[in-house]
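Colleague: Pasting upload_19.csv here (CSV, C-alpha atoms):
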chain,number,residue,atom,x,y,z
U,1,MET,CA,7.1,-12.6,35.2
U,2,THR,CA,8.3,-13.6,31.7
U,3,ALA,CA,8.9,-10.0,30.8
U,4,PHE,CA,10.9,-9.4,33.9
U,5,LEU,CA,13.1,-12.5,33.2
U,6,THR,CA,13.6,-11.3,29.6
U,7,ILE,CA,14.8,-7.9,30.8
U,8,ILE,CA,17.2,-9.6,33.2
U,9,ILE,CA,18.6,-11.8,30.5
U,10,VAL,CA,19.1,-8.9,28.1
U,11,LEU,CA,21.0,-7.0,30.9
U,12,PHE,CA,23.3,-10.0,31.5
U,13,ILE,CA,24.0,-10.2,27.8
U,14,ALA,CA,24.8,-6.5,27.6
U,15,VAL,CA,27.2,-6.8,30.6
U,16,ALA,CA,28.9,-9.8,29.0
U,17,ILE,CA,29.4,-7.9,25.8
U,18,TRP,CA,30.8,-4.9,27.7
U,19,GLN,CA,33.3,-7.2,29.5
U,20,MET,CA,34.4,-8.8,26.3
U,21,VAL,CA,35.0,-5.4,24.7
U,22,LYS,CA,37.2,-4.4,27.7
U,23,ILE,CA,39.2,-7.7,27.4
U,24,PHE,CA,39.7,-7.0,23.7
U,25,ASP,CA,41.0,-3.5,24.4
U,26,LEU,CA,43.4,-4.8,27.0
U,27,ALA,CA,44.7,-7.4,24.5
U,28,GLN,CA,45.6,-4.6,22.1
U,29,VAL,CA,48.2,-3.1,24.5
U,30,GLY,CA,51.5,-2.6,22.6
U,31,THR,CA,50.0,-2.7,19.2
U,32,SER,CA,49.9,0.3,16.9
U,33,ASN,CA,46.8,2.5,17.4
U,34,ASP,CA,47.5,5.0,14.6
U,35,GLN,CA,44.2,6.6,13.4
U,36,VAL,CA,45.7,7.6,10.0
U,37,ALA,CA,44.9,5.2,7.2
U,38,THR,CA,47.8,3.6,5.4
U,39,ASP,CA,48.0,2.7,1.7
U,40,LYS,CA,47.0,-0.9,2.7
U,41,ASP,CA,43.9,0.4,4.5
U,42,ASN,CA,42.9,2.5,1.5
U,43,ARG,CA,43.4,-0.5,-0.9
U,44,ILE,CA,41.3,-2.7,1.3
U,45,ASN,CA,38.5,-0.1,1.5
U,46,GLY,CA,38.7,0.4,-2.2
U,47,TYR,CA,38.3,-3.3,-2.9
U,48,LEU,CA,35.5,-3.5,-0.4
U,49,MET,CA,33.7,-0.7,-2.1
U,50,MET,CA,33.9,-2.6,-5.4
U,51,GLY,CA,32.9,-5.8,-3.7
U,52,PHE,CA,29.8,-4.1,-2.2
U,53,LEU,CA,29.0,-2.7,-5.7
U,54,ILE,CA,29.0,-6.2,-7.1
U,55,PHE,CA,26.9,-7.4,-4.1
U,56,ILE,CA,24.3,-4.6,-4.8
U,57,TYR,CA,24.0,-5.6,-8.5
U,58,ALA,CA,23.9,-9.3,-7.6
U,59,ILE,CA,21.1,-8.8,-5.1
U,60,THR,CA,19.2,-6.6,-7.5
U,61,ILE,CA,19.4,-9.2,-10.3
U,62,ALA,CA,18.4,-11.9,-7.8
U,63,SER,CA,15.4,-9.9,-6.7
U,64,PHE,CA,14.2,-9.4,-10.2
U,65,TRP,CA,14.8,-13.1,-11.0
U,66,TYR,CA,13.0,-14.5,-7.9
U,67,LEU,CA,10.7,-11.6,-6.9
U,68,GLY,CA,10.2,-9.7,-10.1
U,69,ASP,CA,6.8,-11.1,-10.9
U,70,GLN,CA,4.4,-8.6,-9.4
U,71,PRO,CA,0.9,-9.9,-10.2
U,72,LEU,CA,-0.8,-6.9,-8.6
U,73,MET,CA,0.8,-4.7,-11.3
U,74,SER,CA,-1.0,-6.6,-14.0
U,75,ASN,CA,-4.6,-7.1,-12.8
U,76,ALA,CA,-6.0,-3.6,-12.4
U,77,ALA,CA,-9.8,-3.9,-12.2
U,78,SER,CA,-10.8,-0.3,-12.9
U,79,GLU,CA,-10.6,2.0,-15.8
U,80,HIS,CA,-8.1,4.3,-14.2
U,81,GLY,CA,-6.0,1.4,-12.8
U,82,VAL,CA,-4.0,1.2,-16.0
U,83,GLN,CA,-3.0,4.8,-15.7
U,84,ILE,CA,-1.8,4.3,-12.1
U,85,ASP,CA,0.2,1.2,-13.1
U,86,ASN,CA,1.8,3.0,-16.0
U,87,LEU,CA,2.8,5.9,-13.7
U,88,MET,CA,4.3,3.4,-11.2
U,89,ILE,CA,6.2,1.5,-13.9
U,90,ILE,CA,7.6,4.7,-15.4
U,91,SER,CA,8.7,5.9,-12.0
U,92,MET,CA,10.4,2.6,-11.1
U,93,VAL,CA,12.2,2.4,-14.4
U,94,ILE,CA,13.6,5.9,-13.9
U,95,ILE,CA,14.6,5.2,-10.3
U,96,PHE,CA,16.3,1.9,-11.4
U,97,ILE,CA,18.3,3.6,-14.1
U,98,VAL,CA,19.4,6.4,-11.9
U,99,GLN,CA,20.2,4.1,-9.0
U,100,THR,CA,22.3,1.8,-11.2
U,101,PHE,CA,24.3,4.7,-12.8
U,102,THR,CA,24.9,6.7,-9.6
U,103,GLN,CA,25.8,3.6,-7.4
U,104,PHE,CA,28.4,2.6,-10.1
U,105,LEU,CA,30.0,6.1,-10.1
U,106,LEU,CA,30.0,6.3,-6.3
U,107,HIS,CA,31.7,3.0,-5.7
U,108,TYR,CA,34.0,3.1,-8.7
U,109,PHE,CA,35.3,6.6,-7.9
U,110,ALA,CA,35.9,5.4,-4.3
U,111,PHE,CA,38.1,2.6,-5.7
U,112,LYS,CA,39.8,4.5,-8.5
U,113,TYR,CA,40.7,7.6,-6.4
U,114,LYS,CA,41.6,5.8,-3.2
U,115,GLY,CA,44.3,7.5,-1.1
U,116,GLU,CA,47.9,6.7,-2.0
U,117,LYS,CA,51.1,8.1,-0.5
U,118,GLY,CA,52.4,10.9,-2.6
U,119,ARG,CA,49.2,11.4,-4.6
U,120,LYS,CA,47.6,14.8,-4.4
U,121,ALA,CA,43.9,15.3,-5.0
U,122,LEU,CA,42.8,17.8,-7.7
U,123,PHE,CA,40.2,20.1,-6.2
U,124,TYR,CA,37.6,22.0,-8.2
U,125,ALA,CA,36.3,25.0,-6.3
U,126,ASP,CA,33.5,25.5,-8.8
U,127,ASN,CA,32.3,24.0,-12.0
U,128,ASN,CA,29.2,25.7,-13.5
U,129,THR,CA,28.7,23.1,-16.3
U,130,LEU,CA,28.6,20.1,-13.9
U,131,GLU,CA,26.3,22.0,-11.5
U,132,ALA,CA,24.0,22.9,-14.4
U,133,ILE,CA,23.9,19.3,-15.6
U,134,TRP,CA,23.1,17.7,-12.2
U,135,THR,CA,20.5,20.4,-11.4
U,136,PHE,CA,18.6,20.7,-14.7
U,137,ILE,CA,18.3,17.0,-15.6
U,138,PRO,CA,16.7,16.0,-12.2
U,139,VAL,CA,14.4,19.1,-12.4
U,140,ILE,CA,13.2,18.2,-15.9
U,141,VAL,CA,12.7,14.5,-15.0
U,142,LEU,CA,10.9,15.2,-11.7
U,143,ALA,CA,8.8,18.0,-13.3
U,144,GLY,CA,7.7,15.6,-16.0
U,145,LEU,CA,6.7,12.9,-13.4
U,146,ILE,CA,4.9,15.4,-11.3
U,147,ILE,CA,2.9,16.9,-14.2
U,148,TYR,CA,2.1,13.4,-15.5
U,149,GLY,CA,1.0,12.4,-11.9
U,150,LEU,CA,-1.2,15.5,-11.5
U,151,PHE,CA,-2.9,14.9,-14.8
U,152,THR,CA,-3.5,11.3,-13.9
U,153,TRP,CA,-4.8,12.3,-10.4
U,154,THR,CA,-7.1,15.0,-11.9
U,155,SER,CA,-8.5,12.6,-14.4
U,156,ILE,CA,-9.3,10.1,-11.6
U,157,MET,CA,-10.7,12.6,-9.1
U,158,ASN,CA,-12.9,14.6,-11.5
U,159,VAL,CA,-15.9,12.3,-11.6
U,160,ASP,CA,-18.3,13.4,-14.3
U,161,GLU,CA,-21.7,13.2,-12.5
U,162,SER,CA,-23.4,13.6,-15.9
U,163,ASP,CA,-22.5,9.9,-16.4
U,164,ASP,CA,-25.0,9.1,-13.7
U,165,PRO,CA,-22.6,7.3,-11.4
U,166,LEU,CA,-23.9,4.9,-8.8
U,167,VAL,CA,-23.7,6.8,-5.5
U,168,VAL,CA,-22.5,4.7,-2.5
U,169,GLU,CA,-21.5,5.7,1.0
U,170,LEU,CA,-18.7,3.8,2.7
U,171,TYR,CA,-19.1,4.2,6.5
U,172,ALA,CA,-16.1,3.3,8.6
U,173,GLN,CA,-16.1,2.5,12.3
U,174,GLN,CA,-13.8,0.5,14.6
U,175,PHE,CA,-13.6,-2.2,13.3
U,176,ASN,CA,-15.9,-2.8,10.4
U,177,TRP,CA,-17.4,-1.2,7.3
U,178,LYS,CA,-20.9,-0.5,6.2
U,179,ALA,CA,-22.1,0.5,2.7
U,180,ARG,CA,-25.1,2.6,2.0
U,181,TYR,CA,-26.6,2.8,-1.5
U,182,ALA,CA,-28.5,5.9,-2.5
U,183,GLY,CA,-31.6,3.9,-3.7
U,184,GLU,CA,-33.7,4.6,-6.7
U,185,ASP,CA,-33.3,8.4,-6.6
U,186,ASN,CA,-29.5,7.9,-6.5
U,187,VAL,CA,-29.3,10.6,-3.8
U,188,LEU,CA,-28.1,9.8,-0.3
U,189,GLY,CA,-30.2,11.0,2.6
U,190,MET,CA,-28.8,13.3,5.3
U,191,ALA,CA,-26.9,11.6,8.1
U,192,ASN,CA,-25.2,12.5,11.3
U,193,VAL,CA,-23.5,10.4,14.0
U,194,ARG,CA,-25.6,12.1,16.6
U,195,LEU,CA,-28.7,10.5,15.1
U,196,ILE,CA,-27.5,7.0,15.6
U,197,ASP,CA,-30.2,5.0,17.4
U,198,ASN,CA,-29.4,1.3,17.7
U,199,ASN,CA,-32.7,0.7,19.4
U,200,ARG,CA,-34.4,1.5,16.1
U,201,ALA,CA,-31.7,-0.1,13.9
U,202,ASN,CA,-30.6,3.3,12.7
U,203,ILE,CA,-27.0,2.3,12.8
U,204,LEU,CA,-25.6,5.0,10.5
U,205,GLY,CA,-27.5,8.0,11.9
U,206,LEU,CA,-29.7,8.7,8.9
U,207,ASP,CA,-32.2,11.6,9.2
U,208,GLU,CA,-35.5,9.7,9.4
U,209,SER,CA,-37.3,12.8,8.2
U,210,ASP,CA,-35.3,13.2,5.0
U,211,PRO,CA,-37.2,11.9,2.0
U,212,ASN,CA,-34.0,11.2,0.1
U,213,GLY,CA,-33.0,8.7,2.7
U,214,GLN,CA,-36.1,6.6,2.8
U,215,ASP,CA,-35.0,4.4,-0.1
U,216,ASP,CA,-31.4,4.1,1.0
U,217,VAL,CA,-30.0,0.6,1.4
U,218,ILE,CA,-27.5,-0.3,4.1
U,219,VAL,CA,-25.5,-3.5,3.6
U,220,THR,CA,-22.3,-5.2,4.9
U,221,GLU,CA,-21.3,-6.6,1.5
U,222,LEU,CA,-20.5,-4.3,-1.4
U,223,HIS,CA,-21.9,-5.2,-4.8
U,224,LEU,CA,-20.9,-3.2,-7.9
U,225,PRO,CA,-22.1,-3.5,-11.5
U,226,VAL,CA,-19.3,-3.9,-14.0
U,227,GLY,CA,-18.8,-1.0,-16.4
U,228,ARG,CA,-20.8,1.6,-14.5
U,229,PRO,CA,-19.1,4.5,-12.8
U,230,VAL,CA,-19.3,4.5,-9.0
U,231,LEU,CA,-19.0,7.6,-6.8
U,232,PHE,CA,-18.1,6.8,-3.2
U,233,LYS,CA,-18.9,9.2,-0.4
U,234,MET,CA,-16.9,8.3,2.8
U,235,ARG,CA,-17.5,8.9,6.5
U,236,SER,CA,-15.9,7.8,9.7
U,237,GLN,CA,-17.8,7.4,13.0
U,238,ASP,CA,-14.8,7.5,15.3
U,239,VAL,CA,-11.1,7.7,14.2
U,240,LEU,CA,-9.2,8.2,11.0
U,241,HIS,CA,-9.6,5.3,8.6
U,242,SER,CA,-8.6,4.8,5.0
U,243,ALA,CA,-10.7,3.1,2.5
U,244,TYR,CA,-8.3,1.0,0.4
U,245,MET,CA,-9.4,-1.2,-2.6
U,246,PRO,CA,-6.1,-2.4,-4.0
U,247,HIS,CA,-7.3,-4.1,-7.2
U,248,PHE,CA,-9.2,-0.9,-8.1
U,249,ARG,CA,-6.2,1.3,-7.4
U,250,ALA,CA,-8.4,3.3,-5.0
U,251,GLN,CA,-7.7,4.8,-1.6
U,252,MET,CA,-9.1,7.7,0.3
U,253,ASN,CA,-9.1,8.7,3.9
U,254,CYS,CA,-12.3,8.5,5.9
U,255,VAL,CA,-12.1,11.5,8.3
U,256,PRO,CA,-14.4,12.0,11.3
U,257,GLY,CA,-16.6,15.1,10.8
U,258,MET,CA,-16.3,15.4,7.0
U,259,ILE,CA,-17.2,13.6,3.8
U,260,THR,CA,-14.5,12.6,1.4
U,261,GLN,CA,-15.0,11.0,-2.0
U,262,PHE,CA,-13.4,8.8,-4.7
U,263,GLY,CA,-14.8,7.4,-7.9
U,264,PHE,CA,-13.9,4.6,-10.4
U,265,THR,CA,-15.5,2.3,-12.9
U,266,PRO,CA,-15.1,-1.4,-12.3
U,267,THR,CA,-14.0,-3.3,-15.5
U,268,VAL,CA,-13.5,-6.9,-14.4
U,269,THR,CA,-16.1,-9.0,-12.6
U,270,THR,CA,-15.2,-11.1,-9.6
U,271,ALA,CA,-15.9,-14.3,-11.7
U,272,GLU,CA,-13.6,-13.1,-14.4
U,273,MET,CA,-10.8,-12.1,-12.0
U,274,ARG,CA,-11.0,-15.6,-10.4
U,275,LYS,CA,-9.9,-17.0,-13.8
U,276,ASN,CA,-6.9,-14.6,-14.1
U,277,PRO,CA,-3.8,-16.8,-14.2
U,278,ASP,CA,-2.0,-14.8,-11.6
U,279,ILE,CA,-5.0,-15.0,-9.2
U,280,VAL,CA,-5.3,-18.8,-9.9
U,281,GLU,CA,-1.7,-19.3,-8.9
U,282,LYS,CA,-2.1,-17.1,-5.8
U,283,VAL,CA,-5.2,-19.1,-4.7
U,284,GLU,CA,-3.4,-22.4,-5.3
U,285,ASN,CA,-0.4,-21.3,-3.2
U,286,ILE,CA,-2.7,-20.1,-0.3
U,287,ASN,CA,-4.7,-23.3,-0.3
U,288,ALA,CA,-1.5,-25.3,-0.3
U,289,ILE,CA,-0.4,-23.5,2.8
U,290,ARG,CA,-3.8,-23.9,4.4
U,291,ALA,CA,-3.8,-27.6,3.7
U,292,LYS,CA,-0.6,-27.9,5.7
U,293,ASN,CA,-2.2,-26.1,8.6
U,294,ARG,CA,-5.7,-27.5,8.3
U,295,ALA,CA,-5.9,-28.7,11.9
U,296,ALA,CA,-5.0,-25.3,13.3
U,297,ILE,CA,-7.4,-23.5,11.0
U,298,GLU,CA,-10.3,-25.8,11.8
U,299,ALA,CA,-9.5,-25.5,15.6
U,300,VAL,CA,-9.8,-21.7,15.4
U,301,GLY,CA,-13.0,-22.0,13.3
U,302,THR,CA,-12.9,-18.4,12.2
U,303,GLN,CA,-12.4,-19.0,8.5
U,304,ASP,CA,-13.0,-21.6,5.8
U,305,VAL,CA,-10.1,-23.9,5.1
U,306,ILE,CA,-10.5,-23.5,1.3
U,307,TYR,CA,-9.7,-19.9,0.1
U,308,GLU,CA,-11.5,-18.3,-2.7
U,309,PHE,CA,-10.5,-15.0,-4.2
U,310,ASP,CA,-12.7,-11.9,-3.6
U,311,TYR,CA,-12.1,-8.2,-4.0
U,312,LEU,CA,-11.7,-6.5,-0.6
U,313,LEU,CA,-12.2,-3.1,1.0
U,314,LEU,CA,-9.5,-2.7,3.6
U,315,CYS,CA,-8.6,-0.1,6.2
U,316,ASN,CA,-5.1,1.2,5.4
U,317,LYS,CA,-4.7,3.3,8.6
U,318,ILE,CA,-3.7,1.7,11.9
U,319,CYS,CA,-7.0,2.5,13.6
U,320,GLY,CA,-6.8,0.2,16.7
U,321,LYS,CA,-6.1,-3.3,18.0
U,322,SER,CA,-8.4,-5.0,15.4
U,323,HIS,CA,-7.3,-2.8,12.4
U,324,TYR,CA,-5.9,-5.9,10.7
U,325,ASN,CA,-9.3,-7.5,10.5
U,326,MET,CA,-11.2,-4.5,9.2
U,327,GLN,CA,-12.4,-5.5,5.7
U,328,MET,CA,-15.5,-5.9,3.6
U,329,LYS,CA,-16.0,-8.2,0.6
U,330,ILE,CA,-16.6,-6.5,-2.8
U,331,ILE,CA,-18.5,-8.4,-5.5
U,332,VAL,CA,-18.3,-7.0,-9.1
U,333,GLU,CA,-21.0,-8.5,-11.2
U,334,THR,CA,-23.2,-7.9,-14.3
U,335,GLN,CA,-25.9,-5.2,-14.2
U,336,GLU,CA,-28.5,-7.9,-14.2
U,337,GLU,CA,-27.0,-9.7,-11.2
U,338,TYR,CA,-26.6,-6.4,-9.4
U,339,ASP,CA,-30.3,-5.5,-10.0
U,340,ALA,CA,-31.4,-8.9,-8.8
U,341,TRP,CA,-29.3,-8.6,-5.6
U,342,MET,CA,-30.6,-5.0,-5.0
U,343,LYS,CA,-34.2,-6.2,-5.2
U,344,GLU,CA,-33.5,-8.5,-2.2
U,345,GLN,CA,-32.3,-5.7,0.0
U,346,LYS,CA,-34.5,-3.7,2.5
U,347,THR,CA,-34.7,0.0,2.2
U,348,PHE,CA,-34.0,2.2,5.2
U,349,LYS,CA,-37.6,3.0,5.9
U,350,ASN,CA,-38.4,-0.7,6.0
U,351,SER,CA,-35.5,-1.7,8.1
U,352,LEU,CA,-36.3,0.5,11.1
U,353,THR,CA,-37.7,-1.1,14.3
U,354,ASN,CA,-40.1,0.4,16.7
Go ahead and express the file in the form of structure tokens.
Modeller:
Amino acid sequence: MTAFLTIIIVLFIAVAIWQMVKIFDLAQVGTSNDQVATDKDNRINGYLMMGFLIFIYAITIASFWYLGDQPLMSNAASEHGVQIDNLMIISMVIIFIVQTFTQFLLHYFAFKYKGEKGRKALFYADNNTLEAIWTFIPVIVLAGLIIYGLFTWTSIMNVDESDDPLVVELYAQQFNWKARYAGEDNVLGMANVRLIDNNRANILGLDESDPNGQDDVIVTELHLPVGRPVLFKMRSQDVLHSAYMPHFRAQMNCVPGMITQFGFTPTVTTAEMRKNPDIVEKVENINAIRAKNRAAIEAVGTQDVIYEFDYLLLCNKICGKSHYNMQMKIIVETQEEYDAWMKEQKTFKNSLTN
């Protein structure tokens, strides 16, 4: 009923606007309706172009002043994160310089060469020098960025397995994540969604006859040792998901029917990141907002009132109605803390039920 009334109201508003436009047209009877711009029109448009140029620069300066602090660009928590941030900063600087220069020329020329009675435009049918300049310069700059990006991407994706990376599977399903560690042999057992047997707690479809899978460990909270390379193997049970770990500058699609992978080395523990000034400020701001809404948060009862920073694994593909809540906590800790946590976990063979 509410939707129907909303539609009726919108229709009434549309009719009212239409009637107002008709009245306005009737009121213009007898006035000049010449479609050719006069010198006055051109001057006004020229001044408006310069005014809009000033507005663009003003809003840009204001954005840098009030919104220029980007803490996520300064707290990469993986070895390759610095490379990603540098590539982003270089790209943004080039874009900013080009945008500032070209917007000035566009608006200034519109003002300087505005139409005036008696003025004739000088028309160049061809200018090879100008065309060479505005062709070669963008080609060289873009080629440099692309080559730099390719080298960066290659260095990230070519995980050196001789470094004995920790092998972890990220398993995506609507709407949660599971992680599977490869166990002491560091080799993941074979798995297939057709082998899922919830009655036996085989929730990821591991092949129970595969010896490599007997020591695998399935968890709902991801723990990573700091300083050790990690190679993620990714699967999806149902639809396309995307494993996104923003502080590690890592993202890879999880595609049904195939295995994708991504690797990185964590460099900052969770405890260390919680002391980062940017993170401390963020946490304080969030808790200030939550304090104002304490009653509403406690009434829902779905989360703690006090927020504490944690790394998160998120889904970065809109995968359904609960996509927004598809996340898993990541804890980066020392090797000793990781080993102690791993000893508390059940292996796959000991987690099955009869």
Colleague: Would you mind telling me which residue in U:Tyr171, U:Phe151, U:Tyr338, U:Tyr66 lies nearest to U:Asn192 when using all atoms listed in the file?
Modeller: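 Among U:Tyr171, U:Phe151, U:Tyr338, U:Tyr66, it is U:Tyr171 that comes nearest to U:Asn192.
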Colleague: For a quick check of understanding, using all atoms listed in the file, which of U:Trp341, U:Phe175, U:Phe348, U:Tyr47 has the smallest distance to U:Tyr113?
Modeller: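 Residue with the minimum atom-to-atom distance to U:Tyr113: U:Tyr47.
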Colleague: Give one line per residue of stretch 194-245 of chain U that approaches stretch 304-312 of chain U to at most 10 Å, naming the two atoms of the closest pair and their distance in Å to one decimal, counting all atoms listed in the file; sort by chain then ascending residue number and deliver it as JSON lines.
Modeller:
{"residue": "U:Glu221", "atom": "CA", "partner": "U:Leu312", "partner_atom": "CA", "distance": 9.8}
{"residue": "U:Leu222", "atom": "CA", "partner": "U:Leu312", "partner_atom": "CA", "distance": 9.1}
{"residue": "U:Tyr244", "atom": "CA", "partner": "U:Leu312", "partner_atom": "CA", "distance": 8.3}
{"residue": "U:Met245", "atom": "CA", "partner": "U:Leu312", "partner_atom": "CA", "distance": 6.1}
Colleague: Tell me which of U:Leu145, U:Asn199, U:Leu231, U:Ile289 sits closest to U:Met92, counting all atoms listed in the file.
Modeller: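 Looking only at the distances to U:Met92, the closest residue turns out to be U:Leu145.
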Colleague: From the options U:Met157, U:Val280, U:Ile318, U:Leu67, which residue's atoms come nearest to U:Thr260, counting all atoms listed in the file?
Modeller: U:Met157
Colleague: Just want the 10 Å neighbourhood of U:Asn212, counted on only C-alpha atoms, with same-chain residues fewer than 5 positions away dropped. Output as a list in words.
Modeller: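 Residues meeting the cut-off are Ala182, Gly183, Glu184, Asp185, Asn186, Val187, Leu188, Gly189, Met190 and Asp207 of chain U.
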Colleague: Do you have the atom CA of U:Phe101-atom CA of U:Leu130 distance handy?
Modeller: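 Computed distance, atom CA of U:Phe101 to atom CA of U:Leu130, equals 16.0 Å.
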